[in-house]
$ cat query_26.txt   # compact mmCIF, C-alpha atoms
# COMPACT_ATOMS: atom_id res chain seq x y z
CA MET A 1 11.21 -33.68 -34.64
CA ASN A 2 14.09 -32.80 -32.34
CA ASP A 3 13.19 -30.31 -29.61
CA ILE A 4 16.49 -28.43 -29.88
CA ILE A 5 18.34 -26.79 -32.77
CA THR A 6 22.03 -25.94 -33.08
CA ALA A 7 23.23 -22.46 -33.98
CA THR A 8 24.46 -23.74 -37.37
CA GLU A 9 21.09 -25.35 -38.08
CA LEU A 10 19.29 -22.17 -37.06
CA ALA A 11 21.42 -20.04 -39.40
CA SER A 12 20.50 -22.37 -42.27
CA ALA A 13 16.80 -22.43 -41.34
CA SER A 14 16.69 -18.63 -41.04
CA ALA A 15 17.97 -18.33 -44.61
CA GLY A 16 15.36 -20.78 -45.90
CA ASP A 17 11.92 -20.36 -47.45
CA ASN A 18 10.05 -20.62 -44.14
CA PRO A 19 12.33 -19.08 -41.50
CA PRO A 20 11.40 -19.62 -37.85
CA VAL A 21 9.92 -17.00 -35.59
CA LEU A 22 12.61 -16.17 -33.01
CA LEU A 23 11.66 -15.53 -29.38
CA ASP A 24 14.23 -13.98 -27.03
CA VAL A 25 13.22 -15.06 -23.52
CA ARG A 26 16.07 -13.72 -21.41
CA TRP A 27 15.22 -14.00 -17.72
CA GLN A 28 17.07 -14.63 -14.46
CA LEU A 29 15.79 -15.90 -11.13
CA GLN A 30 15.88 -12.86 -8.80
CA GLY A 31 17.89 -11.07 -11.48
CA PRO A 32 17.44 -7.87 -13.49
CA HIS A 33 14.80 -7.67 -16.20
CA GLY A 34 15.94 -9.15 -19.52
CA ARG A 35 14.65 -6.36 -21.78
CA PRO A 36 17.77 -4.11 -21.49
CA ASP A 37 20.02 -7.01 -22.50
CA TYR A 38 17.74 -7.75 -25.43
CA GLU A 39 17.89 -4.12 -26.57
CA ALA A 40 21.69 -4.18 -26.29
CA GLY A 41 21.89 -7.03 -28.80
CA HIS A 42 19.77 -9.96 -29.98
CA LEU A 43 19.44 -12.36 -32.89
CA PRO A 44 18.23 -10.57 -36.03
CA GLY A 45 14.44 -10.65 -36.13
CA ALA A 46 14.04 -11.93 -32.58
CA VAL A 47 11.16 -10.56 -30.51
CA PHE A 48 11.53 -10.13 -26.75
CA ILE A 49 9.12 -12.17 -24.63
CA ASP A 50 8.61 -11.21 -20.98
CA LEU A 51 8.47 -14.42 -18.97
CA ASP A 52 6.76 -12.82 -15.98
CA THR A 53 3.90 -11.24 -17.95
CA ASP A 54 3.67 -13.18 -21.25
CA LEU A 55 4.48 -16.70 -20.05
CA ALA A 56 2.96 -16.63 -16.55
CA GLY A 57 -0.04 -15.38 -14.66
CA PRO A 58 0.14 -13.26 -11.50
CA ALA A 59 1.88 -14.89 -8.54
CA GLY A 60 -0.44 -16.31 -5.89
CA ASP A 61 -1.65 -19.53 -4.35
CA GLU A 62 -0.80 -21.41 -7.55
CA GLY A 63 2.85 -20.37 -7.34
CA ARG A 64 5.17 -17.65 -8.55
CA HIS A 65 4.72 -18.46 -12.24
CA PRO A 66 1.32 -20.13 -12.77
CA LEU A 67 -0.03 -20.75 -16.25
CA PRO A 68 -0.81 -17.48 -18.03
CA ASP A 69 -4.31 -16.57 -19.05
CA VAL A 70 -4.71 -18.20 -22.46
CA ALA A 71 -5.88 -14.95 -24.04
CA VAL A 72 -2.85 -13.07 -22.70
CA PHE A 73 -0.46 -15.75 -23.92
CA THR A 74 -2.14 -15.89 -27.32
CA ALA A 75 -1.93 -12.12 -27.74
CA ALA A 76 1.78 -12.13 -26.86
CA MET A 77 2.53 -14.91 -29.34
CA ARG A 78 0.56 -13.23 -32.11
CA ARG A 79 2.37 -9.92 -31.48
CA ALA A 80 5.62 -11.83 -31.91
CA GLY A 81 4.42 -13.16 -35.26
CA VAL A 82 3.81 -16.76 -34.18
CA ARG A 83 1.76 -18.70 -36.70
CA GLY A 84 0.52 -22.25 -36.74
CA ASP A 85 2.29 -22.99 -40.04
CA ARG A 86 5.67 -21.45 -39.17
CA PRO A 87 8.36 -22.94 -36.93
CA VAL A 88 9.38 -21.22 -33.71
CA VAL A 89 12.80 -21.13 -32.03
CA THR A 90 13.22 -19.86 -28.47
CA TYR A 91 16.46 -18.88 -26.76
CA ASP A 92 17.86 -17.27 -23.64
CA ALA A 93 21.28 -16.51 -22.20
CA GLY A 94 21.36 -19.05 -19.37
CA LEU A 95 20.80 -22.76 -18.86
CA GLY A 96 17.79 -22.83 -21.16
CA TRP A 97 15.26 -22.44 -18.35
CA ALA A 98 13.32 -19.49 -19.80
CA ALA A 99 13.60 -20.70 -23.39
CA ALA A 100 12.25 -24.08 -22.30
CA ARG A 101 9.35 -22.40 -20.49
CA ALA A 102 8.33 -20.79 -23.80
CA TRP A 103 8.90 -24.11 -25.62
CA TRP A 104 6.75 -25.97 -23.08
CA LEU A 105 3.90 -23.44 -23.20
CA LEU A 106 3.78 -23.39 -26.99
CA ARG A 107 3.83 -27.18 -27.16
CA TRP A 108 1.20 -27.35 -24.41
CA ALA A 109 -0.89 -24.89 -26.42
CA GLY A 110 -0.71 -27.11 -29.49
CA HIS A 111 2.09 -25.65 -31.63
CA ARG A 112 3.77 -28.60 -33.35
CA ASP A 113 7.08 -27.06 -34.44
CA VAL A 114 8.93 -25.42 -31.55
CA ARG A 115 12.60 -25.83 -30.71
CA VAL A 116 15.07 -24.38 -28.22
CA LEU A 117 18.38 -22.98 -29.45
CA ASP A 118 20.94 -25.32 -27.92
CA GLY A 119 23.39 -23.24 -25.89
CA GLY A 120 21.35 -20.08 -26.35
CA LEU A 121 22.76 -16.70 -27.27
CA ALA A 122 26.33 -17.70 -26.41
CA ALA A 123 26.24 -20.61 -28.85
CA TRP A 124 24.89 -18.31 -31.56
CA THR A 125 27.66 -15.72 -31.18
CA ALA A 126 30.34 -18.42 -30.78
CA SER A 127 29.31 -19.83 -34.15
CA GLY A 128 29.78 -16.42 -35.76
CA GLY A 129 26.13 -15.45 -35.71
CA ALA A 130 25.35 -11.75 -35.87
CA VAL A 131 23.42 -9.76 -33.28
CA THR A 132 21.55 -6.52 -33.78
CA THR A 133 19.95 -3.73 -31.79
CA GLU A 134 17.19 -3.25 -34.37
CA ILE A 135 13.75 -3.94 -32.88
CA PRO A 136 11.64 -5.90 -35.36
CA GLN A 137 8.00 -5.18 -36.14
CA PRO A 138 6.68 -8.60 -37.17
CA LYS A 139 3.44 -9.16 -39.00
CA GLU A 140 0.67 -10.20 -36.61
CA GLY A 141 0.55 -13.96 -36.21
CA ASP A 142 -2.49 -16.20 -36.33
CA PHE A 143 -1.58 -18.74 -33.66
CA THR A 144 -4.70 -20.32 -32.18
CA PRO A 145 -4.03 -22.29 -28.97
CA GLU A 146 -5.36 -25.77 -28.31
CA PRO A 147 -4.33 -26.36 -24.65
CA GLY A 148 -3.46 -29.85 -23.54
CA GLY A 149 -0.66 -30.70 -25.95
CA LEU A 150 1.70 -31.58 -23.07
CA PRO A 151 0.73 -33.16 -19.74
CA GLN A 152 0.73 -31.21 -16.48
CA LEU A 153 0.16 -32.07 -12.84
CA THR A 154 -1.80 -30.52 -10.02
CA ALA A 155 -0.37 -30.53 -6.49
CA ASP A 156 -2.39 -33.61 -5.56
CA GLU A 157 -1.37 -35.40 -8.73
CA ALA A 158 2.30 -34.60 -8.10
CA ALA A 159 2.07 -36.01 -4.57
CA ALA A 160 0.42 -39.18 -5.87
CA LEU A 161 2.98 -39.57 -8.63
CA ALA A 162 5.82 -39.32 -6.10
CA ARG A 163 4.36 -42.40 -4.42
CA ARG A 164 3.65 -44.56 -7.45
CA GLY A 165 6.13 -43.29 -10.07
CA VAL A 166 9.09 -40.92 -10.31
CA LEU A 167 8.78 -37.24 -9.38
CA LEU A 168 11.96 -35.29 -10.16
CA ASP A 169 12.88 -32.10 -8.31
CA ALA A 170 14.76 -29.92 -10.83
CA ARG A 171 16.08 -27.38 -8.31
CA SER A 172 19.59 -27.29 -6.87
CA ALA A 173 20.47 -30.01 -4.37
CA GLU A 174 20.75 -27.37 -1.62
CA ARG A 175 17.19 -26.19 -2.17
CA TYR A 176 15.97 -29.78 -2.36
CA ARG A 177 17.60 -30.57 1.00
CA GLY A 178 16.08 -27.44 2.53
CA GLU A 179 19.39 -25.67 3.12
CA ALA A 180 18.69 -22.68 0.86
CA ALA A 181 15.19 -21.26 1.13
CA SER A 182 15.84 -17.62 0.23
CA VAL A 183 13.50 -17.87 -2.77
CA ASP A 184 10.92 -20.08 -1.08
CA ARG A 185 8.62 -19.73 1.92
CA VAL A 186 9.82 -23.08 3.24
CA GLY A 187 12.87 -25.21 2.51
CA GLY A 188 12.73 -28.85 1.49
CA HIS A 189 10.94 -30.95 -1.11
CA ILE A 190 7.76 -32.86 -1.88
CA PRO A 191 7.89 -36.18 0.03
CA GLY A 192 9.02 -38.94 -2.30
CA ALA A 193 10.56 -36.62 -4.89
CA VAL A 194 14.05 -37.37 -6.22
CA SER A 195 16.70 -34.65 -6.56
CA ALA A 196 17.65 -34.04 -10.21
CA PRO A 197 19.21 -30.56 -10.67
CA THR A 198 18.95 -29.06 -14.15
CA THR A 199 22.64 -28.15 -14.06
CA GLU A 200 23.40 -31.81 -14.76
CA ASN A 201 21.43 -31.73 -18.01
CA VAL A 202 23.91 -29.44 -19.74
CA THR A 203 27.62 -29.15 -20.41
CA GLU A 204 29.93 -26.32 -19.36
CA ASP A 205 28.90 -24.28 -22.40
CA HIS A 206 25.21 -24.74 -21.50
CA THR A 207 24.46 -27.02 -24.45
CA PHE A 208 22.47 -30.14 -23.66
CA ARG A 209 24.36 -33.33 -22.97
CA PRO A 210 24.01 -36.03 -25.65
CA ALA A 211 20.72 -37.93 -25.62
CA ALA A 212 22.42 -41.18 -24.55
CA ALA A 213 24.10 -39.46 -21.60
CA LEU A 214 20.81 -37.87 -20.54
CA ALA A 215 19.02 -41.22 -20.81
CA GLU A 216 21.68 -42.82 -18.61
CA ARG A 217 21.44 -40.02 -16.08
CA PHE A 218 17.67 -40.21 -15.79
CA ALA A 219 17.61 -44.02 -15.78
CA ALA A 220 19.87 -43.95 -12.71
CA LEU A 221 17.17 -41.85 -11.02
CA GLY A 222 14.45 -44.30 -12.02
CA ALA A 223 13.13 -42.15 -14.87
CA LYS A 224 12.99 -44.51 -17.82
CA SER A 225 10.79 -44.46 -20.91
CA ASP A 226 8.41 -47.01 -19.39
CA ALA A 227 8.07 -45.17 -16.06
CA GLU A 228 5.49 -42.58 -15.10
CA VAL A 229 7.56 -39.42 -14.67
CA GLY A 230 6.76 -35.96 -13.38
CA VAL A 231 8.88 -32.85 -12.81
CA TYR A 232 8.68 -29.79 -10.60
CA CYS A 233 11.05 -27.00 -9.63
CA GLY A 234 10.61 -23.69 -7.82
CA SER A 235 7.90 -22.14 -9.97
CA GLY A 236 7.60 -24.11 -13.19
CA VAL A 237 10.46 -22.44 -15.11
CA SER A 238 13.58 -24.58 -14.67
CA GLY A 239 11.32 -27.64 -14.52
CA ALA A 240 10.46 -27.02 -18.18
CA GLN A 241 14.14 -27.42 -19.03
CA GLU A 242 14.10 -30.77 -17.22
CA VAL A 243 11.03 -31.87 -19.21
CA LEU A 244 12.92 -30.88 -22.37
CA ALA A 245 16.00 -32.85 -21.31
CA LEU A 246 13.80 -35.86 -20.57
CA SER A 247 12.22 -35.53 -24.01
CA LEU A 248 15.67 -35.57 -25.60
CA ALA A 249 16.35 -38.75 -23.62
CA GLY A 250 13.14 -40.33 -24.92
CA VAL A 251 11.29 -40.07 -21.61
CA PRO A 252 7.90 -38.31 -21.64
CA ALA A 253 7.18 -36.34 -18.46
CA ALA A 254 4.44 -34.19 -16.97
CA LEU A 255 5.19 -30.79 -15.42
CA TYR A 256 3.79 -29.52 -12.13
CA ILE A 257 3.56 -25.83 -13.03
CA GLY A 258 2.84 -24.63 -9.48
CA SER A 259 5.96 -26.45 -8.29
CA TRP A 260 7.48 -25.76 -4.87
CA SER A 261 6.12 -22.21 -4.64
CA GLY A 262 2.61 -23.52 -5.23
CA TRP A 263 3.09 -26.56 -2.99
CA THR A 264 4.20 -24.47 0.00
CA ALA A 265 1.41 -21.90 -0.49
CA ASP A 266 -0.74 -24.41 1.40
CA SER A 267 0.78 -24.91 4.88
CA SER A 268 -1.12 -28.19 5.33
CA ARG A 269 0.96 -29.94 2.66
CA PRO A 270 3.81 -32.10 3.98
CA VAL A 271 7.47 -31.12 3.53
CA ALA A 272 10.51 -33.40 3.51
CA THR A 273 14.08 -32.24 4.12
CA GLY A 274 17.50 -33.78 3.74
CA ALA A 275 19.12 -35.70 0.91
CA GLN A 276 16.65 -38.60 0.81
CA PRO A 277 13.20 -38.55 -0.87
CA GLY A 278 11.48 -39.02 2.49

$ encode --input "query_26.txt" --output "structure tokens"
Amino acid sequence: MNDIITATELASASAGDNPPVLLDVRWQLQGPHGRPDYEAGHLPGAVFIDLDTDLAGPAGDEGRHPLPDVAVFTAAMRRAGVRGDRPVVTYDAGLGWAAARAWWLLRWAGHRDVRVLDGGLAAWTASGGAVTTEIPQPKEGDFTPEPGGLPQLTADEAAALARRGVLLDARSAERYRGEAASVDRVGGHIPGAVSAPTTENVTEDHTFRPAAALAERFAALGAKSDAEVGVYCGSGVSGAQEVLALSLAGVPAALYIGSWSGWTADSSRPVATGAQPG
């Protein structure tokens, strides 16, 4: 199964016998809350999911967006109508970061049919798709999580992987080099990690680049299908988009959820700066 779905495909699926549950996961790094934008217009039937409370636990030593409590995540998915026998489509209005976070968590929790709307809300409206301000009241879902469906890394495992395999840093090149630390306690990157910004996974309209182009991009960074690959970002959000892009390219990858915010919570951990892995 492909991990993304086009707006045209979604319109067809939504009119079918088993339409997908739609999750609106609008969120911006250091930006305003996504709920007002959702209320101003969303895909018909879509339920708003709060990334900070539904898809993450409280910020702390494990990072800004650690894994949510399984019970909290399960309750949020059931309120949205998520069922084990019904497909799910997630979307946002950006580069796919937040939508991919929901995709990753559901796949990690064992849901087998989850896709991200390629190009998000903009692609939907560009294709002629309607939006509504009506807030749906879905029937309670029955989703039962089985954690472990996708691999993840601890801080120690990420450090070890950077030495023996390929650890990709999904943040901007400036943050990787340590030149822009406004979001982070410390600038720089995990020693040995390779810079691989998520912006290079998508086109100008925020749709994913073709699978062959993604495979070529990642292969140039050492991330091939036969390599051991891991990903981190600032707090485990944009990194999920990188894991999705790698999946499209045929490269399985583990995600370090704590990411840079979790790594730098411990001042004893080493930090590299500059353009080279270090």

$ residues_around --input "query_26.txt" --residues "segment 46-55 of chain A" --least-positions-apart "3" --cutoff "7 Å" --atoms "all atoms listed in the file" --output "PyMOL selection string"
chain A and resi 22-25+27+35+38+42-43+68+72-73+76+80+102+136

$ residues_near_point --input "query_26.txt" --point "(-0.5, -18.9, -19.0)" --cutoff "12 Å" --atoms "all atoms listed in the file" --output "number ranges by chain"
A: 51-59, 62, 64-77, 101-102, 104-106, 108-109, 145, 147, 236, 257-258

$ residues_near_point --input "query_26.txt" --point "(6.9, -39.6, -16.7)" --cutoff "10 Å" --atoms "only C-alpha atoms" --output "mmCIF file with C-alpha atoms, keeping the file's coordinate frame"
data_model
loop_
_atom_site.group_PDB
_atom_site.id
_atom_site.type_symbol
_atom_site.label_atom_id
_atom_site.label_comp_id
_atom_site.auth_asym_id
_atom_site.auth_seq_id
_atom_site.Cartn_x
_atom_site.Cartn_y
_atom_site.Cartn_z
ATOM 1 C CA PRO A 151 0.730 -33.160 -19.740
ATOM 2 C CA LEU A 161 2.980 -39.570 -8.630
ATOM 3 C CA GLY A 165 6.130 -43.290 -10.070
ATOM 4 C CA VAL A 166 9.090 -40.920 -10.310
ATOM 5 C CA LEU A 167 8.780 -37.240 -9.380
ATOM 6 C CA LEU A 168 11.960 -35.290 -10.160
ATOM 7 C CA ALA A 223 13.130 -42.150 -14.870
ATOM 8 C CA LYS A 224 12.990 -44.510 -17.820
ATOM 9 C CA SER A 225 10.790 -44.460 -20.910
ATOM 10 C CA ASP A 226 8.410 -47.010 -19.390
ATOM 11 C CA ALA A 227 8.070 -45.170 -16.060
ATOM 12 C CA GLU A 228 5.490 -42.580 -15.100
ATOM 13 C CA VAL A 229 7.560 -39.420 -14.670
ATOM 14 C CA GLY A 230 6.760 -35.960 -13.380
ATOM 15 C CA VAL A 231 8.880 -32.850 -12.810
ATOM 16 C CA VAL A 243 11.030 -31.870 -19.210
ATOM 17 C CA LEU A 246 13.800 -35.860 -20.570
ATOM 18 C CA SER A 247 12.220 -35.530 -24.010
ATOM 19 C CA VAL A 251 11.290 -40.070 -21.610
ATOM 20 C CA PRO A 252 7.900 -38.310 -21.640
ATOM 21 C CA ALA A 253 7.180 -36.340 -18.460
ATOM 22 C CA ALA A 254 4.440 -34.190 -16.970
ATOM 23 C CA LEU A 255 5.190 -30.790 -15.420
#

$ residues_around --input "query_26.txt" --residues "segment 110-116 of chain A" --least-positions-apart "5" --cutoff "6 Å" --atoms "all atoms listed in the file" --output "JSON, numbers by chain"
{"A": [3, 4, 87, 88, 89, 90, 91, 145, 146, 149]}

$ closest_residue --input "query_26.txt" --among "A:Trp124, A:Trp97, A:Trp263, A:Tyr232" --to "Asn201 of chain A" --atoms "only C-alpha atoms"
A:Trp97

$ atom_distance --input "query_26.txt" --atom1 "atom CA of Gly278 of chain A" --atom2 "atom CA of Gly234 of chain A"
18.5 Å

$ atom_distance --input "query_26.txt" --atom1 "atom CA of Gly222 of chain A" --atom2 "atom CA of Val183 of chain A"
28.0 Å

$ residues_around --input "query_26.txt" --residues "Arg171 of chain A" --least-positions-apart "2" --cutoff "12 Å" --atoms "only C-alpha atoms" --output "PyMOL selection string"
chain A and resi 29+97+168-169+173-178+180-181+183-184+187-190+193-201+231-242+259-261

$ closest_residue --input "query_26.txt" --among "A:Gly262, A:Gly84, A:Gly274, A:Gly119" --to "Glu179 of chain A" --atoms "only C-alpha atoms"
A:Gly274

$ atom_distance --input "query_26.txt" --atom1 "atom CA of Ala98 of chain A" --atom2 "atom CA of Ala245 of chain A"
13.7 Å

$ build_atoms --input "query_26.txt" --residues "segment 245-269 of chain A" --atoms "N, CA, C and O atoms" --output "PDB file, in the coordinates of the input"
ATOM      1  N   ALA A 245      14.885 -31.899 -21.373  1.00  0.00           N
ATOM      2  CA  ALA A 245      16.000 -32.850 -21.310  1.00  0.00           C
ATOM      3  C   ALA A 245      15.486 -34.290 -21.314  1.00  0.00           C
ATOM      4  O   ALA A 245      16.057 -35.168 -21.971  1.00  0.00           O
ATOM      5  N   LEU A 246      14.414 -34.531 -20.590  1.00  0.00           N
ATOM      6  CA  LEU A 246      13.800 -35.860 -20.570  1.00  0.00           C
ATOM      7  C   LEU A 246      13.286 -36.227 -21.961  1.00  0.00           C
ATOM      8  O   LEU A 246      13.439 -37.377 -22.415  1.00  0.00           O
ATOM      9  N   SER A 247      12.701 -35.274 -22.660  1.00  0.00           N
ATOM     10  CA  SER A 247      12.220 -35.530 -24.010  1.00  0.00           C
ATOM     11  C   SER A 247      13.378 -35.916 -24.926  1.00  0.00           C
ATOM     12  O   SER A 247      13.255 -36.844 -25.748  1.00  0.00           O
ATOM     13  N   LEU A 248      14.501 -35.230 -24.800  1.00  0.00           N
ATOM     14  CA  LEU A 248      15.670 -35.570 -25.600  1.00  0.00           C
ATOM     15  C   LEU A 248      16.152 -36.984 -25.302  1.00  0.00           C
ATOM     16  O   LEU A 248      16.679 -37.676 -26.176  1.00  0.00           O
ATOM     17  N   ALA A 249      15.947 -37.415 -24.049  1.00  0.00           N
ATOM     18  CA  ALA A 249      16.350 -38.750 -23.620  1.00  0.00           C
ATOM     19  C   ALA A 249      15.311 -39.813 -23.975  1.00  0.00           C
ATOM     20  O   ALA A 249      15.512 -40.996 -23.701  1.00  0.00           O
ATOM     21  N   GLY A 250      14.198 -39.389 -24.556  1.00  0.00           N
ATOM     22  CA  GLY A 250      13.140 -40.330 -24.920  1.00  0.00           C
ATOM     23  C   GLY A 250      12.209 -40.691 -23.792  1.00  0.00           C
ATOM     24  O   GLY A 250      11.544 -41.736 -23.837  1.00  0.00           O
ATOM     25  N   VAL A 251      12.131 -39.809 -22.773  1.00  0.00           N
ATOM     26  CA  VAL A 251      11.290 -40.070 -21.610  1.00  0.00           C
ATOM     27  C   VAL A 251      10.215 -38.986 -21.513  1.00  0.00           C
ATOM     28  O   VAL A 251      10.515 -37.836 -21.182  1.00  0.00           O
ATOM     29  N   PRO A 252       8.964 -39.310 -21.791  1.00  0.00           N
ATOM     30  CA  PRO A 252       7.900 -38.310 -21.640  1.00  0.00           C
ATOM     31  C   PRO A 252       7.666 -37.999 -20.164  1.00  0.00           C
ATOM     32  O   PRO A 252       7.763 -38.888 -19.315  1.00  0.00           O
ATOM     33  N   ALA A 253       7.379 -36.739 -19.853  1.00  0.00           N
ATOM     34  CA  ALA A 253       7.180 -36.340 -18.460  1.00  0.00           C
ATOM     35  C   ALA A 253       6.151 -35.234 -18.362  1.00  0.00           C
ATOM     36  O   ALA A 253       6.024 -34.383 -19.256  1.00  0.00           O
ATOM     37  N   ALA A 254       5.417 -35.233 -17.257  1.00  0.00           N
ATOM     38  CA  ALA A 254       4.440 -34.190 -16.970  1.00  0.00           C
ATOM     39  C   ALA A 254       5.081 -33.138 -16.067  1.00  0.00           C
ATOM     40  O   ALA A 254       5.966 -33.449 -15.264  1.00  0.00           O
ATOM     41  N   LEU A 255       4.643 -31.895 -16.200  1.00  0.00           N
ATOM     42  CA  LEU A 255       5.190 -30.790 -15.420  1.00  0.00           C
ATOM     43  C   LEU A 255       4.167 -30.286 -14.408  1.00  0.00           C
ATOM     44  O   LEU A 255       3.015 -30.019 -14.762  1.00  0.00           O
ATOM     45  N   TYR A 256       4.615 -30.157 -13.163  1.00  0.00           N
ATOM     46  CA  TYR A 256       3.790 -29.520 -12.130  1.00  0.00           C
ATOM     47  C   TYR A 256       4.136 -28.039 -12.154  1.00  0.00           C
ATOM     48  O   TYR A 256       5.154 -27.614 -11.621  1.00  0.00           O
ATOM     49  N   ILE A 257       3.291 -27.259 -12.815  1.00  0.00           N
ATOM     50  CA  ILE A 257       3.560 -25.830 -13.030  1.00  0.00           C
ATOM     51  C   ILE A 257       3.686 -25.081 -11.706  1.00  0.00           C
ATOM     52  O   ILE A 257       4.570 -24.237 -11.526  1.00  0.00           O
ATOM     53  N   GLY A 258       2.788 -25.342 -10.760  1.00  0.00           N
ATOM     54  CA  GLY A 258       2.840 -24.630  -9.480  1.00  0.00           C
ATOM     55  C   GLY A 258       4.147 -24.859  -8.743  1.00  0.00           C
ATOM     56  O   GLY A 258       4.668 -23.960  -8.074  1.00  0.00           O
ATOM     57  N   SER A 259       4.673 -26.067  -8.848  1.00  0.00           N
ATOM     58  CA  SER A 259       5.960 -26.450  -8.290  1.00  0.00           C
ATOM     59  C   SER A 259       6.069 -26.100  -6.801  1.00  0.00           C
ATOM     60  O   SER A 259       5.062 -26.009  -6.101  1.00  0.00           O
ATOM     61  N   TRP A 260       7.295 -25.926  -6.308  1.00  0.00           N
ATOM     62  CA  TRP A 260       7.480 -25.760  -4.870  1.00  0.00           C
ATOM     63  C   TRP A 260       6.791 -24.513  -4.334  1.00  0.00           C
ATOM     64  O   TRP A 260       6.265 -24.506  -3.215  1.00  0.00           O
ATOM     65  N   SER A 261       6.774 -23.435  -5.118  1.00  0.00           N
ATOM     66  CA  SER A 261       6.120 -22.210  -4.640  1.00  0.00           C
ATOM     67  C   SER A 261       4.620 -22.405  -4.499  1.00  0.00           C
ATOM     68  O   SER A 261       3.992 -21.825  -3.603  1.00  0.00           O
ATOM     69  N   GLY A 262       4.027 -23.217  -5.361  1.00  0.00           N
ATOM     70  CA  GLY A 262       2.610 -23.520  -5.230  1.00  0.00           C
ATOM     71  C   GLY A 262       2.343 -24.540  -4.135  1.00  0.00           C
ATOM     72  O   GLY A 262       1.366 -24.435  -3.398  1.00  0.00           O
ATOM     73  N   TRP A 263       3.246 -25.524  -4.025  1.00  0.00           N
ATOM     74  CA  TRP A 263       3.090 -26.560  -2.990  1.00  0.00           C
ATOM     75  C   TRP A 263       3.102 -25.932  -1.597  1.00  0.00           C
ATOM     76  O   TRP A 263       2.255 -26.240  -0.750  1.00  0.00           O
ATOM     77  N   THR A 264       4.049 -25.044  -1.330  1.00  0.00           N
ATOM     78  CA  THR A 264       4.200 -24.470   0.000  1.00  0.00           C
ATOM     79  C   THR A 264       3.228 -23.324   0.276  1.00  0.00           C
ATOM     80  O   THR A 264       3.185 -22.807   1.398  1.00  0.00           O
ATOM     81  N   ALA A 265       2.443 -22.925  -0.732  1.00  0.00           N
ATOM     82  CA  ALA A 265       1.410 -21.900  -0.490  1.00  0.00           C
ATOM     83  C   ALA A 265       0.330 -22.439   0.432  1.00  0.00           C
ATOM     84  O   ALA A 265      -0.382 -21.669   1.075  1.00  0.00           O
ATOM     85  N   ASP A 266       0.217 -23.763   0.505  1.00  0.00           N
ATOM     86  CA  ASP A 266      -0.740 -24.410   1.400  1.00  0.00           C
ATOM     87  C   ASP A 266       0.048 -25.035   2.550  1.00  0.00           C
ATOM     88  O   ASP A 266       0.745 -26.039   2.366  1.00  0.00           O
ATOM     89  N   SER A 267      -0.035 -24.458   3.746  1.00  0.00           N
ATOM     90  CA  SER A 267       0.780 -24.910   4.880  1.00  0.00           C
ATOM     91  C   SER A 267       0.410 -26.297   5.370  1.00  0.00           C
ATOM     92  O   SER A 267       1.140 -26.901   6.157  1.00  0.00           O
ATOM     93  N   SER A 268      -0.719 -26.845   4.904  1.00  0.00           N
ATOM     94  CA  SER A 268      -1.120 -28.190   5.330  1.00  0.00           C
ATOM     95  C   SER A 268      -0.387 -29.290   4.557  1.00  0.00           C
ATOM     96  O   SER A 268      -0.424 -30.450   4.958  1.00  0.00           O
ATOM     97  N   ARG A 269       0.276 -28.924   3.472  1.00  0.00           N
ATOM     98  CA  ARG A 269       0.960 -29.940   2.660  1.00  0.00           C
ATOM     99  C   ARG A 269       2.267 -30.348   3.345  1.00  0.00           C
ATOM    100  O   ARG A 269       2.990 -29.502   3.896  1.00  0.00           O
TER     101      ARG A 269
END
